[in-house]
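Undergrad: Pasting input.cif below, which is mmCIF, C-alpha atoms.
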```cif
data_start
#
loop_
_atom_site.group_PDB
_atom_site.id
_atom_site.type_symbol
_atom_site.label_atom_id
_atom_site.label_comp_id
_atom_site.auth_asym_id
_atom_site.auth_seq_id
_atom_site.Cartn_x
_atom_site.Cartn_y
_atom_site.Cartn_z
ATOM 1 C CA MET A 15 -9.894 -1.777 8.992
ATOM 2 C CA VAL A 16 -7.884 -2.504 12.112
ATOM 3 C CA ASP A 17 -10.018 -5.602 12.728
ATOM 4 C CA GLY A 18 -9.488 -6.782 9.147
ATOM 5 C CA ARG A 19 -13.024 -6.077 7.929
ATOM 6 C CA LEU A 20 -11.821 -3.542 5.354
ATOM 7 C CA THR A 21 -8.739 -3.489 3.167
ATOM 8 C CA LEU A 22 -6.618 -0.363 2.810
ATOM 9 C CA GLU A 23 -8.237 0.477 -0.502
ATOM 10 C CA GLU A 24 -11.763 -0.063 0.845
ATOM 11 C CA PHE A 25 -10.958 2.096 3.872
ATOM 12 C CA ALA A 26 -9.499 4.872 1.693
ATOM 13 C CA GLU A 27 -12.548 4.868 -0.596
ATOM 14 C CA ARG A 28 -14.962 5.009 2.364
ATOM 15 C CA VAL A 29 -13.069 7.869 4.004
ATOM 16 C CA ASP A 30 -13.256 9.820 0.741
ATOM 17 C CA ARG A 31 -17.020 9.194 0.575
ATOM 18 C CA VAL A 32 -17.450 10.178 4.241
ATOM 19 C CA TYR A 33 -15.944 13.581 3.527
ATOM 20 C CA GLU A 34 -18.260 13.965 0.521
ATOM 21 C CA ALA A 35 -21.399 12.999 2.504
ATOM 22 C CA ARG A 36 -23.811 15.782 3.392
ATOM 23 C CA THR A 37 -26.593 13.953 5.262
ATOM 24 C CA ARG A 38 -26.870 11.334 8.032
ATOM 25 C CA PRO A 39 -28.420 8.715 5.676
ATOM 26 C CA GLU A 40 -25.419 9.101 3.334
ATOM 27 C CA LEU A 41 -23.107 8.391 6.287
ATOM 28 C CA ASP A 42 -25.221 5.441 7.487
ATOM 29 C CA ALA A 43 -25.042 3.882 4.018
ATOM 30 C CA LEU A 44 -21.259 3.740 4.308
ATOM 31 C CA THR A 45 -21.295 1.653 7.505
ATOM 32 C CA HIS A 46 -24.431 -0.491 7.141
ATOM 33 C CA ASP A 47 -22.422 -3.600 6.208
ATOM 34 C CA LEU A 48 -20.027 -3.331 9.163
ATOM 35 C CA PRO A 49 -20.940 -5.193 12.364
ATOM 36 C CA ASP A 50 -21.834 -3.233 15.479
ATOM 37 C CA ASP A 51 -18.948 -3.427 17.969
ATOM 38 C CA SER A 52 -21.378 -4.222 20.786
ATOM 39 C CA ALA A 53 -22.666 -7.248 18.840
ATOM 40 C CA GLU A 54 -19.288 -9.004 18.674
ATOM 41 C CA SER A 55 -19.728 -12.745 19.087
ATOM 42 C CA GLY A 56 -16.325 -13.515 20.579
ATOM 43 C CA PRO A 57 -12.896 -13.769 19.016
ATOM 44 C CA GLN A 58 -12.583 -14.924 15.442
ATOM 45 C CA ARG A 59 -9.904 -17.366 14.317
ATOM 46 C CA ARG A 60 -7.671 -15.655 11.841
ATOM 47 C CA ARG A 61 -4.648 -16.659 9.869
ATOM 48 C CA ARG A 62 -1.406 -15.354 11.247
ATOM 49 C CA PRO A 63 0.177 -12.715 9.060
ATOM 50 C CA LYS A 64 3.342 -13.710 7.216
ATOM 51 C CA ARG A 65 6.241 -11.746 8.614
ATOM 52 C CA PHE A 66 8.772 -12.473 5.889
ATOM 53 C CA THR A 67 8.757 -12.609 2.103
ATOM 54 C CA GLY A 68 11.860 -13.464 0.124
ATOM 55 C CA VAL A 69 13.033 -14.127 -3.394
ATOM 56 C CA ALA A 70 16.349 -15.178 -4.922
ATOM 57 C CA PHE A 71 16.949 -15.346 -8.681
ATOM 58 C CA GLY A 72 13.233 -15.013 -9.450
ATOM 59 C CA SER A 73 10.141 -12.963 -8.697
ATOM 60 C CA VAL A 74 7.513 -12.817 -5.992
ATOM 61 C CA GLU A 75 4.141 -11.065 -5.671
ATOM 62 C CA ARG A 76 2.141 -10.318 -2.530
ATOM 63 C CA ARG A 77 -1.319 -9.267 -3.624
ATOM 64 C CA GLY A 78 -4.978 -9.674 -2.905
ATOM 65 C CA ARG A 79 -6.416 -9.772 0.578
ATOM 66 C CA TRP A 80 -3.477 -10.579 2.825
ATOM 67 C CA ARG A 81 -2.720 -9.629 6.413
ATOM 68 C CA VAL A 82 0.253 -7.352 6.962
ATOM 69 C CA PRO A 83 1.881 -7.758 10.375
ATOM 70 C CA ARG A 84 3.001 -4.765 12.396
ATOM 71 C CA PHE A 85 6.597 -5.515 11.328
ATOM 72 C CA ALA A 86 7.292 -7.309 8.044
ATOM 73 C CA GLY A 87 10.485 -8.172 6.209
ATOM 74 C CA LEU A 88 11.322 -8.500 2.532
ATOM 75 C CA ALA A 89 14.562 -9.839 1.059
ATOM 76 C CA VAL A 90 15.396 -9.686 -2.655
ATOM 77 C CA LEU A 91 18.571 -11.231 -4.111
ATOM 78 C CA PHE A 92 18.926 -10.989 -7.893
ATOM 79 C CA GLY A 93 15.145 -10.855 -8.171
ATOM 80 C CA ASP A 94 11.996 -8.799 -8.380
ATOM 81 C CA ALA A 95 9.267 -8.264 -5.758
ATOM 82 C CA ASP A 96 5.841 -6.679 -6.216
ATOM 83 C CA ILE A 97 4.194 -5.878 -2.869
ATOM 84 C CA ASP A 98 0.595 -4.762 -3.382
ATOM 85 C CA LEU A 99 -0.906 -3.166 -0.275
ATOM 86 C CA ARG A 100 -4.082 -1.861 -1.933
ATOM 87 C CA THR A 101 -6.287 -4.705 -0.693
ATOM 88 C CA ALA A 102 -4.144 -5.769 2.267
ATOM 89 C CA GLU A 103 -5.481 -5.944 5.813
ATOM 90 C CA ILE A 104 -3.551 -3.800 8.282
ATOM 91 C CA GLY A 105 -3.870 -4.787 11.928
ATOM 92 C CA GLY A 106 -3.202 -1.536 13.741
ATOM 93 C CA GLY A 107 -2.598 2.015 12.706
ATOM 94 C CA THR A 108 1.018 1.554 11.602
ATOM 95 C CA VAL A 109 2.979 -1.132 9.783
ATOM 96 C CA THR A 110 6.687 -1.185 8.999
ATOM 97 C CA ILE A 111 8.120 -3.113 6.069
ATOM 98 C CA THR A 112 11.901 -3.474 6.035
ATOM 99 C CA ALA A 113 13.331 -4.472 2.657
ATOM 100 C CA LEU A 114 16.867 -5.705 2.001
ATOM 101 C CA ILE A 115 17.680 -5.621 -1.710
ATOM 102 C CA LEU A 116 20.872 -6.916 -3.323
ATOM 103 C CA PHE A 117 20.986 -6.658 -7.124
ATOM 104 C CA GLY A 118 17.202 -6.605 -7.362
ATOM 105 C CA ASN A 119 14.024 -4.554 -7.429
ATOM 106 C CA ALA A 120 11.024 -4.030 -5.152
ATOM 107 C CA ASP A 121 7.842 -2.182 -6.109
ATOM 108 C CA PHE A 122 5.249 -1.228 -3.473
ATOM 109 C CA TYR A 123 1.680 -0.354 -4.559
ATOM 110 C CA VAL A 124 -0.409 1.662 -2.060
ATOM 111 C CA PRO A 125 -3.714 3.542 -2.224
ATOM 112 C CA SER A 126 -3.088 7.252 -2.770
ATOM 113 C CA SER A 127 -4.977 8.222 0.402
ATOM 114 C CA VAL A 128 -2.765 6.148 2.733
ATOM 115 C CA ASP A 129 0.104 7.864 4.533
ATOM 116 C CA VAL A 130 3.478 6.433 3.417
ATOM 117 C CA ASP A 131 6.860 7.119 4.998
ATOM 118 C CA ILE A 132 9.749 5.765 2.946
ATOM 119 C CA GLY A 133 13.357 5.808 4.038
ATOM 120 C CA GLY A 134 16.516 3.777 4.162
ATOM 121 C CA PHE A 135 19.865 3.693 2.411
ATOM 122 C CA THR A 136 20.685 2.937 -1.225
ATOM 123 C CA ILE A 137 24.085 2.362 -2.863
ATOM 124 C CA PHE A 138 24.171 2.204 -6.689
ATOM 125 C CA GLY A 139 20.433 2.202 -7.287
ATOM 126 C CA HIS A 140 17.409 4.335 -6.548
ATOM 127 C CA ARG A 141 14.508 4.727 -4.142
ATOM 128 C CA ARG A 142 11.590 6.737 -5.575
ATOM 129 C CA GLU A 143 7.979 7.666 -4.969
ATOM 130 C CA HIS A 144 5.477 8.077 -7.802
ATOM 131 C CA GLY A 145 1.949 9.400 -7.977
ATOM 132 C CA ASP A 146 -0.016 11.960 -6.036
ATOM 133 C CA ASP A 147 0.372 11.488 -2.299
ATOM 134 C CA GLY A 148 -2.918 13.314 -1.846
ATOM 135 C CA ASP A 149 -3.977 14.388 1.608
ATOM 136 C CA PRO A 150 -4.303 11.331 3.864
ATOM 137 C CA ALA A 151 -7.173 11.407 6.332
ATOM 138 C CA PRO A 152 -6.214 11.707 10.013
ATOM 139 C CA GLN A 153 -7.462 8.123 10.554
ATOM 140 C CA ALA A 154 -5.490 6.757 7.594
ATOM 141 C CA PRO A 155 -2.969 4.081 8.478
ATOM 142 C CA LEU A 156 0.746 4.796 8.238
ATOM 143 C CA VAL A 157 2.835 2.464 6.095
ATOM 144 C CA ARG A 158 6.558 2.788 6.824
ATOM 145 C CA ILE A 159 8.829 1.328 4.186
ATOM 146 C CA ARG A 160 12.531 1.062 5.002
ATOM 147 C CA VAL A 161 14.693 0.022 2.072
ATOM 148 C CA TYR A 162 18.368 -0.891 2.341
ATOM 149 C CA SER A 163 19.822 -1.752 -1.041
ATOM 150 C CA LEU A 164 23.074 -2.401 -2.834
ATOM 151 C CA PHE A 165 22.757 -2.277 -6.632
ATOM 152 C CA GLY A 166 18.994 -2.324 -6.113
ATOM 153 C CA THR A 167 15.962 -0.225 -6.872
ATOM 154 C CA SER A 168 12.715 0.402 -5.050
ATOM 155 C CA ASP A 169 9.633 2.365 -6.049
ATOM 156 C CA VAL A 170 6.451 3.293 -4.210
ATOM 157 C CA TRP A 171 3.465 3.671 -6.542
ATOM 158 C CA ARG A 172 0.491 5.631 -5.162
ATOM 159 C CA ILE A 173 -2.564 4.290 -6.964
ATOM 160 C CA PRO A 174 -5.727 6.467 -7.119
ATOM 161 C CA PRO A 175 -9.054 4.841 -6.149
ATOM 162 C CA GLY A 176 -10.689 2.930 -8.962
ATOM 163 C CA MET A 177 -7.515 2.546 -11.043
ATOM 164 C CA SER A 178 -6.883 -1.051 -12.041
ATOM 165 C CA GLY A 179 -4.832 -3.111 -14.445
ATOM 166 C CA THR A 180 -1.623 -5.075 -14.484
ATOM 167 C CA TYR A 181 1.342 -3.670 -12.615
ATOM 168 C CA ARG A 182 2.867 -2.603 -15.917
ATOM 169 C CA GLU A 183 -0.342 -0.754 -16.886
ATOM 170 C CA LEU A 184 -0.554 0.940 -13.478
ATOM 171 C CA ILE A 185 3.067 2.087 -13.689
ATOM 172 C CA ARG A 186 2.563 3.394 -17.219
ATOM 173 C CA ALA A 187 -0.576 5.312 -16.166
ATOM 174 C CA ILE A 188 1.119 6.887 -13.105
ATOM 175 C CA ARG A 189 4.166 7.892 -15.161
ATOM 176 C CA GLY A 190 1.857 9.334 -17.832
ATOM 177 C CA ARG A 191 0.062 11.452 -15.237
ATOM 178 C CA GLY A 192 3.395 12.824 -14.009
ATOM 179 C CA GLN A 193 4.459 13.780 -17.525
ATOM 180 C CA LEU A 194 1.060 15.393 -18.137
ATOM 181 C CA ASP A 195 1.360 17.450 -14.922
ATOM 182 C CA ALA A 196 4.925 18.497 -15.808
ATOM 183 C CA GLY A 197 3.756 19.597 -19.269
ATOM 184 C CA ARG A 198 0.980 21.712 -17.723
ATOM 185 C CA GLN A 199 3.429 23.439 -15.374
ATOM 186 C CA ALA A 200 5.770 24.255 -18.260
ATOM 187 C CA HIS A 201 3.016 26.143 -20.100
#
```
Kindly return the structure encoded in the file as structure tokens.
TA:
Amino acid sequence: MVDGRLTLEEFAERVDRVYEARTRPELDALTHDLPDDSAESGPQRRRRPKRFTGVAFGSVERRGRWRVPRFAGLAVLFGDADIDLRTAEIGGGTVTITALILFGNADFYVPSSVDVDIGGFTIFGHRREHGDDGDPAPQAPLVRIRVYSLFGTSDVWRIPPGMSGTYRELIRAIRGRGQLDAGRQAH
């Protein structure tokens, strides 16, 4: 994952399967498609990660297989940003995304088995986390999200493995799970 061969979601799914494995062949099947470190054929040319994403009076989406730098910035002014980290490549064990939001919204989508640390300062808005944060594996990357907003909102959505759909469908499903869990606790 650190070398960009696996996305966050792929890494999280493999770690879950590693813990479920009971035999050596089951473990070998999980790494057969990864190159042997001793067989490296020199450095690979890679695109540089984009350090800044911004939007004013509109919307922006970062999704798919994209490289997240160690430090990334996001600025939202009267707009909406969807930052999908489920299939992103993380170069290193920790990334920090700093978001500045003025009269806007930012949603961050992460695999549920990734460790997320959210913080910052919000005036006239909200900063929330949704979904089951699970129990991240010791090798799981850390995603730090720092949000500073004025009349802005930010939400972190922890998406379980295998869940797919539009952002609206994912949000609806995560909210539905929370209401279902709250109903069970009330009984």
Undergrad: Here is a test: counting all atoms listed in the file, which residue of A:Gly107, A:Gly166, A:Gly118, A:Gly139 is nearest to A:Pro152?
TA: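 Checking each of A:Gly107, A:Gly166, A:Gly118, A:Gly139 against A:Pro152, counting all atoms listed in the file, the winner is A:Gly107.
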Undergrad: Write out as a list in words the residues lying within 10 Å of A:Ala70, counting all atoms listed in the file and excluding same-chain residues fewer than 5 positions away.
TA: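 The residues that qualify are Ala89, Val90, Leu91, Phe92, Gly93, Asp94, Ala95, Leu116, Phe117 and Gly118 of chain A.
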Undergrad: Which is closest to A:Thr108 among A:Asp47, A:Asp129, A:Glu24, A:Asp149, if we use only C-alpha atoms?
TA: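 Between A:Asp47, A:Asp129, A:Glu24, A:Asp149, the residue approaching A:Thr108 most closely is A:Asp129.
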Undergrad: Around (-13.5, 3.9, 6.6) in the file's own coordinates, what residues are found within 10 Å if you use all atoms listed in the file, given back as a PyMOL selection string?
TA: chain A and resi 15+20-32+44-45+151+153-154
Undergrad: Kindly resolve the PyMOL selection byres ((chain A and resi 184) around 12) on the present coordinates and return the residues as an NGL selection string.
TA: :A and (98 or 121-125 or 144-145 or 170-183 or 185-191)
Undergrad: Can you measure atom CA of A:Leu114 to atom CA of A:Ile159 for me? One decimal in Å is fine.
TA: 10.9 Å
Undergrad: Enclose the full set of atoms of stretch 17-35 of chain A listed in the file within a box whose edges lie along x, y and z, apply 8 Å of padding to each of the six sides, and report centre and edge lengths in Å to one decimal as JSON.
TA:
```
{"center_x": -14.0, "center_y": 3.6, "center_z": 6.1, "size_x": 30.8, "size_y": 36.7, "size_z": 29.3}
```
Undergrad: Can you work out the spacing between atom CA of A:Asp96 and atom CA of A:Asp169 in Å, to one decimal?
TA: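 Atom CA of A:Asp96 sits 9.8 Å away from atom CA of A:Asp169.
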Undergrad: So how many Å separate atom CA of A:Ile97 and atom CA of A:Pro150, to one decimal?
TA: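 Computed distance, atom CA of A:Ile97 to atom CA of A:Pro150, equals 20.3 Å.
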Undergrad: Which one of A:Ser163, A:Ser126, A:Ser73, A:Thr37 sits closest to A:Ala113 if you count only C-alpha atoms?
TA: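 Counting only C-alpha atoms, the residue closest to A:Ala113 is A:Ser163.
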Undergrad: Can you spell out as a count of residues only the set of residues that the PyMOL selection byres ((chain A and resi 161) around 6) selects in the structure I just provided?
TA: 5
Undergrad: Which one is closest to A:Val74: A:Ala120, A:His46, A:Ala102, A:Val109? Count all atoms listed in the file.
TA: A:Ala120
Undergrad: Which residues, named as in the file, does the PyMOL selection byres ((chain A and resi 84) around 12) pick out? Answer as a ChimeraX atom specification.
TA: /A:16,62-66,81-83,85-87,103-112,155-159
Undergrad: Counting only C-alpha atoms, figure out which residue out of A:Thr101, A:Thr67, A:Ser168, A:Asn119 gets nearest to A:Trp80.
TA: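 That would be A:Thr101, the residue with the smallest distance to A:Trp80.
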